[in-house]
Amino acid sequence: MDGDLSNTLTGSPTGPVVQAGSITGDVHLHLSTTPPPISQLPPAIPGFVGRAAELAVLTAQLDRGTPITCVTGSAGIGKTALAVHWAHRSRDRFPDGQLYVDLRGFGPDDPLSPAAAVRALLDAFQVSRETLPVTVDAQAALFRGLVQDKRVLVLLDNARDADHVRPLLPGSPTCAVLITSRDRLPSLVAREQARPIVLDLPSRAESRDILAAHIGADRVHDESRAVDELVERCARLPIALAIAGARAVTEPHLPLDDLATELAELATGDSEHTDIRAVFTASHRVLPPDAARLFRLLGAHPGPDIGTHAAASLAGTPPEQTRARLATLVRSSLLTEYAAGRFRTHDLLREYAAERARDEEPPAERTAAVERLLDHYLHTARAGERLLYPSRFPIPFDPPAPGVAPVPLADRVAALAWFTTEHTNLLAALDLARRHGFTGHAWRLPWTMSSYFGWRGHWRDWETTQEVAREAAVRHGAPEWKVVPLRVLGRIHTLNHRHQAAIDAFTAALRIPTDAEGRAHTHHLISFAYLRMRRLDDALRHARRAVDLARDAEQPVREARARLQLGRALSALGNHREGLAQCRRAARVLLDHDDMLHLAGAMSGVGKSLLELGDPGSAIRHFEVVALLNREFGDVWSLAWTLCRIGDAHAALGDLSAAQRSWTEADGLMTDIHHSDAEQIRLRIATSREGG
């Protein structure tokens with residue numbers, strides 16, 4: 001181990017490394033830099049009928065080059081269904097991508113902010129969060145640049161008002177924007193020349209067709225008079241027609257006359273035609289008791305959709321039983337299963353479910369249901385965090401409440417997929433915990449999300465959630481609670497070049513009494529911040545302090561990580577030989593303890609020192625192993641810089657052709673993530689060509 005580390009990674013690595021068997025000799029990575037086509041549309045609407053005139057208008061406006069179309073109308077009238085159906089039918093006209101954002105403008109929870117919406121659009125293009133502009137205006141400008149001259153459809157669903165969508169408009173005549181909203185968006189029509197389509201209720205004939213799609217044309221024909229009455233009782237509102245149709249299907253022996261009479265008896269006369277809540281009530285009260293209880297509790301879920309295990313936790317029932325009850329709600333059109341095991345419902349139904357829960361569920365049971373739901377997200381996220389970062393030093397957790405069903409995550413790939421799917425729900429759950437006084441969840445949930453947010457570059461979500469954790473720690477009052485979010489916030493500030501804010505956070509953490517291992521961790525982070533600030537003497541001083549404290553605490557992994565930081569500081573000061581020794585010493589321990597994340601850093605430090613010391617051949621072998629680790633972590637920015645250093649080493653060997661290949665690959669990766677460091681790599685390529 002004292003010599004070449006590049007051939008020492010053997011066996012079956014754990015953590016964020018694919019089962020590699022052994023790594024020996026030369027390693028060559030060939031990564032595709034061409035992203036797959038973007039397609040974010042929700043699934044096509046099954047059994048969509050009617051709206052022929054509106055569909056024709058949408059197509060005609062596209063043919064005329066109309067850049068922005070607004071589909072507006074009342075709740076439940078079918079705006080989203082129309083927009084999604086047309087988008088699927090027209091997707092071949094947008095070969096460069098179809099983008100979709102649910103702005104949640106009129107749901108029971110807060111609308112999606114323009115800043116979050118812009119970031120969601122930029123995520124589709126895999127924009128690096130490290131170099132994401134700070135302001136919403138700058139982010140919007142970046143988005144406009146990405147879609148300039150591309151044939152892209154942007155579907156902005158459920159907008160609150162014109163200001164909700166303005167930052168999201170691409171501004172390119174080759175792009176089309178389709179917006180749905182309950183608001184008429186008059187200022188968007190006036191200022192941006194958007195073309196409105198005001199969606200009215202479907203005609204009686206179309207309403208009969210909607211019912212026929214559920215109950216069949218024969219029954220519509222045979223019970224024509226009752227169908228006409230049902231159409232009127234449902235006020236020709238598509239969501240009410242769908243629920244009434246589902247009721248007729250699930251109870252095939254119920255005459256439609258009887259169903260219409262039932263709706264008439266339940267109606268309160270609150271509207272000119274009918275009270276559509278009567279349709280909801282009629283379907284709710286005939287549900288089996290367990291399915292009805294689940295429906296009511298689903299009104300407490302804060303996010304836009306829900307998975308089977310989360311629903312099971314909310315109800316406190318086993319997942320298999322919950323699946324059957326969810327299926328009952330889907331058959332009743334009270335839920336939509338838009339993907340396997342993923343469910344969502346209309347805003348009107350969510351509001352109705354929450355009202356029924358307040359009326360029928362005891363307060364203690366509603367509180368217990370929310371706690372089980374939060375425990376579901378917390379303990380699944382905890383398991384995912386351990387898969388992403390198995391060598392991370394843990395924090396204390398209470399056991400989950402009885403009835404909680406965490407999602408079983410098999411490996412790191414499954415963990416990343418779960419975090420990606422539940423990203424919005426996790427943020428909503430954290431806000432729910434904060435608002436309802438679940439302090440432990442508000443402190444622990446940000447810890448479980450930290451690696452995912454940092455790994456995937458969700459910098460602002462990372463910072464915002466840690467601020468919530470810090471507030472929760474202040475409310476709780478325990479000193480040890482306050483240290484954790486301060487450290488993470490300090491690291492976020494460091495990576496975002498807010499160095500003084502980072503030092504302030506770390507200094508505040510040092511003032512809080514902790515054990516030697518904890519102080520070592522903080523000094524390590526301070527050293528890293530000073531290194532980024534180029535205050536190299538301060539970086540060296542804190543790195544040495546971190547090593548001493550970790551050694552005194554008899555924490556070998558913490559000591560190895562501190563030695564890695566010490567090696568970096570020494571090399572930055574020009575002491576490459578001692579820096580090399582410290583990085584090698586750290587790598588030995590990190591490999592023994594399967595800490596692959598920090599092993600990549602240690603081996604990179606070894607490679608850089610070897611390159612400075614005039615041994616580019618050995619440096620290449622180390623960098624190639626680091627590149628493999630970077631690739632398995634999904635860390636594109638680090639991989640690009642590792643490939644750049646491989647190019648530097650080839651150049652030092654006099655092989656400019658190999659150097660240019662590595663630099664070109666690195667440039668492609670940096671360009672794909674829109675990172676400004678690409679300019680430094682391109683300078684290497686240009687200089688080598690001039691010299692050649």
# chains A, B, ... in the order shown; residues from 1 in each chain; ligands from 1
$ select_by_dssp --residues "range 280-441 of chain A" --states "strand (DSSP E or B)" --output "PyMOL selection string"
chain A and resi 306-307+336-339+342-344
$ residues_around --residues "range 84-99 of chain A" --least-positions-apart "2" --cutoff "9 Å" --atoms "only C-alpha atoms" --output "VMD selection string"
chain A and resid 37 to 45 48 55 58 to 59 79 to 82 101 121 124 147 150 to 156 175 to 176 178
$ residues_around --residues "Asp515 in chain A" --least-positions-apart "6" --cutoff "10 Å" --atoms "only C-alpha atoms" --output "NGL selection string"
:A and (480 or 549-550 or 553)
$ residues_around --residues "range 305-317 of chain A" --least-positions-apart "4" --cutoff "7 Å" --atoms "only C-alpha atoms" --output "list in words"
Leu294, Leu297, Gln321, Thr322, Arg323, Gly341, Arg342, Phe343, Arg344, Ala369, Val370, Arg372, Leu373, His376, Gly403, Val404, Ala405, Pro406 and Val407 of chain A
$ select_by_dssp --residues "range 131-219 of chain A" --states "alpha helix (DSSP H)" --output "compact mmCIF listing (two decimals) with N, CA, C and O atoms, in the first residue's frame"
# COMPACT_ATOMS: atom_id res chain seq x y z
N VAL A 136 -34.01 34.12 -9.65
CA VAL A 136 -34.97 33.46 -10.53
C VAL A 136 -34.87 34.02 -11.95
O VAL A 136 -34.96 33.27 -12.93
N ASP A 137 -34.65 35.32 -12.08
CA ASP A 137 -34.54 35.92 -13.41
C ASP A 137 -33.36 35.33 -14.18
O ASP A 137 -33.47 35.04 -15.39
N ALA A 138 -32.23 35.15 -13.50
CA ALA A 138 -31.06 34.58 -14.17
C ALA A 138 -31.29 33.11 -14.54
O ALA A 138 -30.86 32.65 -15.60
N GLN A 139 -31.98 32.38 -13.66
CA GLN A 139 -32.29 30.99 -13.97
C GLN A 139 -33.23 30.90 -15.17
O GLN A 139 -33.08 30.04 -16.03
N ALA A 140 -34.21 31.80 -15.20
CA ALA A 140 -35.14 31.82 -16.32
C ALA A 140 -34.40 32.14 -17.63
O ALA A 140 -34.70 31.56 -18.69
N ALA A 141 -33.43 33.05 -17.56
CA ALA A 141 -32.64 33.37 -18.76
C ALA A 141 -31.84 32.16 -19.22
O ALA A 141 -31.72 31.91 -20.43
N LEU A 142 -31.31 31.41 -18.26
CA LEU A 142 -30.58 30.19 -18.62
C LEU A 142 -31.51 29.21 -19.32
O LEU A 142 -31.15 28.60 -20.33
N PHE A 143 -32.72 29.04 -18.79
CA PHE A 143 -33.69 28.13 -19.42
C PHE A 143 -34.00 28.58 -20.84
O PHE A 143 -34.03 27.76 -21.77
N ARG A 144 -34.22 29.89 -21.02
CA ARG A 144 -34.51 30.38 -22.37
C ARG A 144 -33.37 30.09 -23.33
O ARG A 144 -33.58 29.76 -24.51
N GLY A 145 -32.15 30.21 -22.83
CA GLY A 145 -31.01 29.90 -23.68
C GLY A 145 -30.94 28.43 -24.07
O GLY A 145 -30.56 28.08 -25.20
N LEU A 146 -31.34 27.55 -23.17
CA LEU A 146 -31.28 26.12 -23.44
C LEU A 146 -32.28 25.68 -24.50
O LEU A 146 -32.02 24.73 -25.25
N VAL A 147 -33.44 26.36 -24.57
CA VAL A 147 -34.46 25.94 -25.53
C VAL A 147 -34.48 26.82 -26.77
O VAL A 147 -35.31 26.60 -27.66
N ALA A 162 -50.84 34.97 -13.95
CA ALA A 162 -49.84 35.23 -15.00
C ALA A 162 -48.42 35.27 -14.44
O ALA A 162 -47.47 34.77 -15.06
N ASP A 163 -48.24 35.88 -13.26
CA ASP A 163 -46.91 35.96 -12.68
C ASP A 163 -46.35 34.59 -12.33
O ASP A 163 -45.13 34.42 -12.23
N HIS A 164 -47.24 33.62 -12.14
CA HIS A 164 -46.81 32.26 -11.82
C HIS A 164 -46.08 31.62 -12.99
O HIS A 164 -45.21 30.75 -12.80
N VAL A 165 -46.40 32.04 -14.22
CA VAL A 165 -45.83 31.39 -15.40
C VAL A 165 -44.82 32.24 -16.16
O VAL A 165 -44.06 31.70 -16.97
N PRO A 186 -55.73 37.36 -17.91
CA PRO A 186 -55.89 38.46 -18.87
C PRO A 186 -54.60 39.22 -19.16
O PRO A 186 -54.38 39.65 -20.30
N SER A 187 -53.73 39.40 -18.15
CA SER A 187 -52.50 40.16 -18.41
C SER A 187 -51.56 39.37 -19.31
O SER A 187 -50.79 39.96 -20.09
N LEU A 188 -51.60 38.05 -19.25
CA LEU A 188 -50.77 37.24 -20.15
C LEU A 188 -51.28 37.37 -21.58
O LEU A 188 -50.49 37.41 -22.54
N VAL A 189 -52.58 37.43 -21.72
CA VAL A 189 -53.17 37.63 -23.05
C VAL A 189 -52.79 39.00 -23.59
O VAL A 189 -52.45 39.16 -24.77
N ALA A 190 -52.81 40.01 -22.72
CA ALA A 190 -52.53 41.38 -23.17
C ALA A 190 -51.05 41.60 -23.46
O ALA A 190 -50.69 42.18 -24.49
N ARG A 191 -50.18 41.15 -22.56
CA ARG A 191 -48.75 41.48 -22.68
C ARG A 191 -47.98 40.50 -23.53
O ARG A 191 -47.09 40.89 -24.31
N ARG A 204 -74.31 18.35 -23.78
CA ARG A 204 -75.03 17.18 -23.27
C ARG A 204 -74.63 15.91 -24.01
O ARG A 204 -74.50 14.85 -23.41
N ALA A 205 -74.43 16.05 -25.32
CA ALA A 205 -74.02 14.87 -26.09
C ALA A 205 -72.63 14.39 -25.65
O ALA A 205 -72.40 13.18 -25.49
N GLU A 206 -71.70 15.33 -25.44
CA GLU A 206 -70.37 14.94 -24.97
C GLU A 206 -70.44 14.35 -23.57
O GLU A 206 -69.71 13.40 -23.24
N SER A 207 -71.30 14.91 -22.74
CA SER A 207 -71.45 14.37 -21.38
C SER A 207 -71.97 12.94 -21.42
O SER A 207 -71.52 12.08 -20.65
N ARG A 208 -72.90 12.66 -22.32
CA ARG A 208 -73.38 11.29 -22.48
C ARG A 208 -72.23 10.39 -22.95
O ARG A 208 -72.11 9.24 -22.53
N ASP A 209 -71.38 10.92 -23.83
CA ASP A 209 -70.23 10.13 -24.30
C ASP A 209 -69.27 9.82 -23.15
O ASP A 209 -68.68 8.74 -23.10
N ILE A 210 -69.09 10.80 -22.24
CA ILE A 210 -68.21 10.55 -21.09
C ILE A 210 -68.78 9.43 -20.23
O ILE A 210 -68.06 8.52 -19.81
N LEU A 211 -70.09 9.47 -19.99
CA LEU A 211 -70.71 8.38 -19.25
C LEU A 211 -70.60 7.07 -20.01
O LEU A 211 -70.34 6.01 -19.42
N ALA A 212 -70.77 7.12 -21.32
CA ALA A 212 -70.69 5.90 -22.12
C ALA A 212 -69.30 5.28 -22.05
O ALA A 212 -69.16 4.04 -22.10
N ALA A 213 -68.28 6.12 -21.93
CA ALA A 213 -66.92 5.58 -21.81
C ALA A 213 -66.77 4.75 -20.54
O ALA A 213 -65.90 3.87 -20.47
N HIS A 214 -67.61 5.01 -19.54
CA HIS A 214 -67.55 4.26 -18.29
C HIS A 214 -68.53 3.08 -18.28
O HIS A 214 -68.18 1.97 -17.90
N ILE A 215 -69.78 3.34 -18.66
CA ILE A 215 -70.81 2.32 -18.46
C ILE A 215 -71.21 1.61 -19.75
O ILE A 215 -71.99 0.65 -19.71
N ALA A 217 -72.02 2.09 -24.22
CA ALA A 217 -73.01 2.77 -25.06
C ALA A 217 -74.38 2.11 -24.96
O ALA A 217 -75.42 2.79 -25.03
N ASP A 218 -74.41 0.78 -24.80
CA ASP A 218 -75.70 0.09 -24.72
C ASP A 218 -76.51 0.56 -23.53
O ASP A 218 -77.72 0.81 -23.64
N ARG A 219 -75.84 0.69 -22.36
CA ARG A 219 -76.58 1.10 -21.18
C ARG A 219 -77.04 2.56 -21.30
O ARG A 219 -78.12 2.92 -20.83
$ residues_around --residues "His576 in chain A" --least-positions-apart "6" --cutoff "8 Å" --atoms "only C-alpha atoms" --output "compact mmCIF listing (two decimals) with all heavy atoms, in the first residue's frame"
# COMPACT_ATOMS: atom_id res chain seq x y z
N LEU A 570 -1.39 20.41 2.66
CA LEU A 570 0.06 20.36 2.46
C LEU A 570 0.43 20.51 0.99
O LEU A 570 1.36 21.25 0.63
CB LEU A 570 0.61 19.05 3.02
CG LEU A 570 0.63 18.94 4.55
CD1 LEU A 570 0.84 17.48 4.97
CD2 LEU A 570 1.73 19.82 5.14
N SER A 609 -0.54 14.61 -6.25
CA SER A 609 0.81 14.74 -5.70
C SER A 609 1.83 14.04 -6.58
O SER A 609 2.94 14.55 -6.82
CB SER A 609 0.85 14.17 -4.28
OG SER A 609 0.05 14.95 -3.41
N LEU A 610 1.48 12.84 -7.07
CA LEU A 610 2.40 12.12 -7.96
C LEU A 610 2.67 12.90 -9.24
O LEU A 610 3.80 12.92 -9.74
CB LEU A 610 1.81 10.74 -8.30
CG LEU A 610 1.80 9.70 -7.18
CD1 LEU A 610 0.98 8.49 -7.57
CD2 LEU A 610 3.24 9.27 -6.84
N GLU A 612 2.60 16.17 -9.55
CA GLU A 612 3.48 17.28 -9.20
C GLU A 612 4.91 16.81 -8.94
O GLU A 612 5.87 17.55 -9.16
CB GLU A 612 2.94 18.01 -7.97
CG GLU A 612 1.62 18.74 -8.19
CD GLU A 612 1.77 19.95 -9.11
OE1 GLU A 612 2.91 20.42 -9.29
OE2 GLU A 612 0.75 20.40 -9.66
N LEU A 613 5.04 15.58 -8.47
CA LEU A 613 6.37 15.03 -8.15
C LEU A 613 7.04 14.37 -9.35
O LEU A 613 8.10 13.77 -9.20
CB LEU A 613 6.25 14.03 -7.00
CG LEU A 613 5.91 14.65 -5.63
CD1 LEU A 613 5.54 13.56 -4.63
CD2 LEU A 613 7.09 15.47 -5.11
$ closest_residue --among "A:Val220, A:Leu531, A:Ala560, A:Leu536" --to "Arg584 in chain A" --atoms "only C-alpha atoms"
A:Ala560
$ closest_residue --among "A:Arg588, A:Arg487, A:Arg296, A:His379" --to "Glu361 in chain A" --atoms "only C-alpha atoms"
A:Arg296
$ residues_around --residues "range 224-230 of chain A" --least-positions-apart "3" --cutoff "12 Å" --atoms "only C-alpha atoms" --output "JSON, numbers by chain"
{"A": [203, 204, 205, 206, 207, 208, 209, 210, 211, 212, 215, 216, 217, 218, 219, 220, 221, 233, 234, 235, 236, 237, 238, 240, 241, 242, 243, 244, 245, 247, 248, 254, 255, 256, 257, 258, 259, 260, 261, 262, 263, 264, 273, 274, 276, 278, 279]}
$ atom_distance --atom1 "CA of Pro111 in chain A" --atom2 "CA of Arg160 in chain A"
7.5 Å
$ closest_residue --among "A:His253, A:Arg621, A:Arg195, A:His346" --to "Ala75 in chain A" --atoms "only C-alpha atoms"
A:His346
$ residues_around --residues "Arg568 in chain A" --least-positions-apart "4" --cutoff "9 Å" --atoms "only C-alpha atoms" --output "PyMOL selection string"
chain A and resi 528+531+540+563-564+572-573+576+579-580+582-583+602+605
$ closest_residue --among "A:Asp615, A:Asp635, A:Glu559, A:Asp359" --to "Val589 in chain A" --atoms "only C-alpha atoms"
A:Glu559
$ closest_residue --among "A:Arg392, A:His493, A:Arg460, A:Arg585" --to "Leu597 in chain A" --atoms "only C-alpha atoms"
A:Arg392
$ decode --residues "range 365-394 of chain A" --atoms "N, CA and C atoms" --output "PDB file, in the first residue's frame"
ATOM      1  N   GLU A 365     -56.769  10.430  16.217  1.00  0.00           N
ATOM      2  CA  GLU A 365     -56.461   9.531  15.102  1.00  0.00           C
ATOM      3  C   GLU A 365     -55.872  10.302  13.930  1.00  0.00           C
ATOM      4  N   ARG A 366     -56.344  11.528  13.692  1.00  0.00           N
ATOM      5  CA  ARG A 366     -55.758  12.321  12.609  1.00  0.00           C
ATOM      6  C   ARG A 366     -54.301  12.645  12.914  1.00  0.00           C
ATOM      7  N   THR A 367     -54.015  12.984  14.170  1.00  0.00           N
ATOM      8  CA  THR A 367     -52.627  13.270  14.561  1.00  0.00           C
ATOM      9  C   THR A 367     -51.760  12.029  14.424  1.00  0.00           C
ATOM     10  N   ALA A 368     -52.283  10.877  14.850  1.00  0.00           N
ATOM     11  CA  ALA A 368     -51.520   9.636  14.740  1.00  0.00           C
ATOM     12  C   ALA A 368     -51.260   9.280  13.279  1.00  0.00           C
ATOM     13  N   ALA A 369     -52.232   9.538  12.410  1.00  0.00           N
ATOM     14  CA  ALA A 369     -52.046   9.249  10.991  1.00  0.00           C
ATOM     15  C   ALA A 369     -50.934  10.115  10.401  1.00  0.00           C
ATOM     16  N   VAL A 370     -50.914  11.401  10.758  1.00  0.00           N
ATOM     17  CA  VAL A 370     -49.852  12.286  10.267  1.00  0.00           C
ATOM     18  C   VAL A 370     -48.489  11.819  10.779  1.00  0.00           C
ATOM     19  N   GLU A 371     -48.420  11.409  12.048  1.00  0.00           N
ATOM     20  CA  GLU A 371     -47.152  10.932  12.595  1.00  0.00           C
ATOM     21  C   GLU A 371     -46.684   9.679  11.866  1.00  0.00           C
ATOM     22  N   ARG A 372     -47.603   8.754  11.581  1.00  0.00           N
ATOM     23  CA  ARG A 372     -47.216   7.550  10.837  1.00  0.00           C
ATOM     24  C   ARG A 372     -46.712   7.916   9.444  1.00  0.00           C
ATOM     25  N   LEU A 373     -47.390   8.868   8.790  1.00  0.00           N
ATOM     26  CA  LEU A 373     -46.955   9.291   7.458  1.00  0.00           C
ATOM     27  C   LEU A 373     -45.546   9.883   7.516  1.00  0.00           C
ATOM     28  N   LEU A 374     -45.295  10.760   8.490  1.00  0.00           N
ATOM     29  CA  LEU A 374     -43.964  11.354   8.625  1.00  0.00           C
ATOM     30  C   LEU A 374     -42.924  10.293   8.939  1.00  0.00           C
ATOM     31  N   ASP A 375     -43.287   9.319   9.770  1.00  0.00           N
ATOM     32  CA  ASP A 375     -42.362   8.225  10.064  1.00  0.00           C
ATOM     33  C   ASP A 375     -42.048   7.415   8.809  1.00  0.00           C
ATOM     34  N   HIS A 376     -43.049   7.237   7.959  1.00  0.00           N
ATOM     35  CA  HIS A 376     -42.804   6.508   6.701  1.00  0.00           C
ATOM     36  C   HIS A 376     -41.710   7.198   5.891  1.00  0.00           C
ATOM     37  N   TYR A 377     -41.871   8.511   5.678  1.00  0.00           N
ATOM     38  CA  TYR A 377     -40.872   9.229   4.885  1.00  0.00           C
ATOM     39  C   TYR A 377     -39.532   9.272   5.609  1.00  0.00           C
ATOM     40  N   LEU A 378     -39.559   9.475   6.926  1.00  0.00           N
ATOM     41  CA  LEU A 378     -38.315   9.582   7.683  1.00  0.00           C
ATOM     42  C   LEU A 378     -37.522   8.284   7.639  1.00  0.00           C
ATOM     43  N   HIS A 379     -38.165   7.166   7.906  1.00  0.00           N
ATOM     44  CA  HIS A 379     -37.419   5.918   8.019  1.00  0.00           C
ATOM     45  C   HIS A 379     -37.067   5.319   6.657  1.00  0.00           C
ATOM     46  N   THR A 380     -37.873   5.583   5.638  1.00  0.00           N
ATOM     47  CA  THR A 380     -37.445   5.177   4.299  1.00  0.00           C
ATOM     48  C   THR A 380     -36.262   6.027   3.848  1.00  0.00           C
ATOM     49  N   ALA A 381     -36.335   7.333   4.109  1.00  0.00           N
ATOM     50  CA  ALA A 381     -35.222   8.217   3.747  1.00  0.00           C
ATOM     51  C   ALA A 381     -33.963   7.866   4.530  1.00  0.00           C
ATOM     52  N   ARG A 382     -34.132   7.474   5.775  1.00  0.00           N
ATOM     53  CA  ARG A 382     -32.969   7.069   6.569  1.00  0.00           C
ATOM     54  C   ARG A 382     -32.287   5.858   5.935  1.00  0.00           C
ATOM     55  N   ALA A 383     -33.090   4.870   5.529  1.00  0.00           N
ATOM     56  CA  ALA A 383     -32.515   3.687   4.881  1.00  0.00           C
ATOM     57  C   ALA A 383     -31.844   4.062   3.563  1.00  0.00           C
ATOM     58  N   GLY A 384     -32.481   4.967   2.803  1.00  0.00           N
ATOM     59  CA  GLY A 384     -31.868   5.404   1.552  1.00  0.00           C
ATOM     60  C   GLY A 384     -30.570   6.139   1.775  1.00  0.00           C
ATOM     61  N   GLU A 385     -30.529   6.975   2.799  1.00  0.00           N
ATOM     62  CA  GLU A 385     -29.300   7.704   3.130  1.00  0.00           C
ATOM     63  C   GLU A 385     -28.170   6.748   3.484  1.00  0.00           C
ATOM     64  N   ARG A 386     -28.484   5.699   4.215  1.00  0.00           N
ATOM     65  CA  ARG A 386     -27.435   4.732   4.594  1.00  0.00           C
ATOM     66  C   ARG A 386     -26.901   4.001   3.365  1.00  0.00           C
ATOM     67  N   LEU A 387     -27.746   3.804   2.359  1.00  0.00           N
ATOM     68  CA  LEU A 387     -27.282   3.171   1.126  1.00  0.00           C
ATOM     69  C   LEU A 387     -26.421   4.127   0.306  1.00  0.00           C
ATOM     70  N   LEU A 388     -26.796   5.402   0.282  1.00  0.00           N
ATOM     71  CA  LEU A 388     -26.014   6.377  -0.476  1.00  0.00           C
ATOM     72  C   LEU A 388     -24.677   6.666   0.196  1.00  0.00           C
ATOM     73  N   TYR A 389     -24.660   6.699   1.510  1.00  0.00           N
ATOM     74  CA  TYR A 389     -23.468   7.130   2.247  1.00  0.00           C
ATOM     75  C   TYR A 389     -23.325   6.234   3.472  1.00  0.00           C
ATOM     76  N   PRO A 390     -22.954   4.970   3.271  1.00  0.00           N
ATOM     77  CA  PRO A 390     -22.940   4.016   4.392  1.00  0.00           C
ATOM     78  C   PRO A 390     -21.942   4.353   5.485  1.00  0.00           C
ATOM     79  N   SER A 391     -20.907   5.116   5.176  1.00  0.00           N
ATOM     80  CA  SER A 391     -19.893   5.427   6.185  1.00  0.00           C
ATOM     81  C   SER A 391     -20.142   6.761   6.882  1.00  0.00           C
ATOM     82  N   ARG A 392     -21.300   7.370   6.637  1.00  0.00           N
ATOM     83  CA  ARG A 392     -21.619   8.630   7.304  1.00  0.00           C
ATOM     84  C   ARG A 392     -21.887   8.372   8.787  1.00  0.00           C
ATOM     85  N   PHE A 393     -21.388   9.234   9.634  1.00  0.00           N
ATOM     86  CA  PHE A 393     -21.608   9.084  11.064  1.00  0.00           C
ATOM     87  C   PHE A 393     -23.080   9.363  11.364  1.00  0.00           C
ATOM     88  N   PRO A 394     -23.770   8.459  12.063  1.00  0.00           N
ATOM     89  CA  PRO A 394     -25.225   8.559  12.206  1.00  0.00           C
ATOM     90  C   PRO A 394     -25.645   9.553  13.279  1.00  0.00           C
TER      91      PRO A 394
END
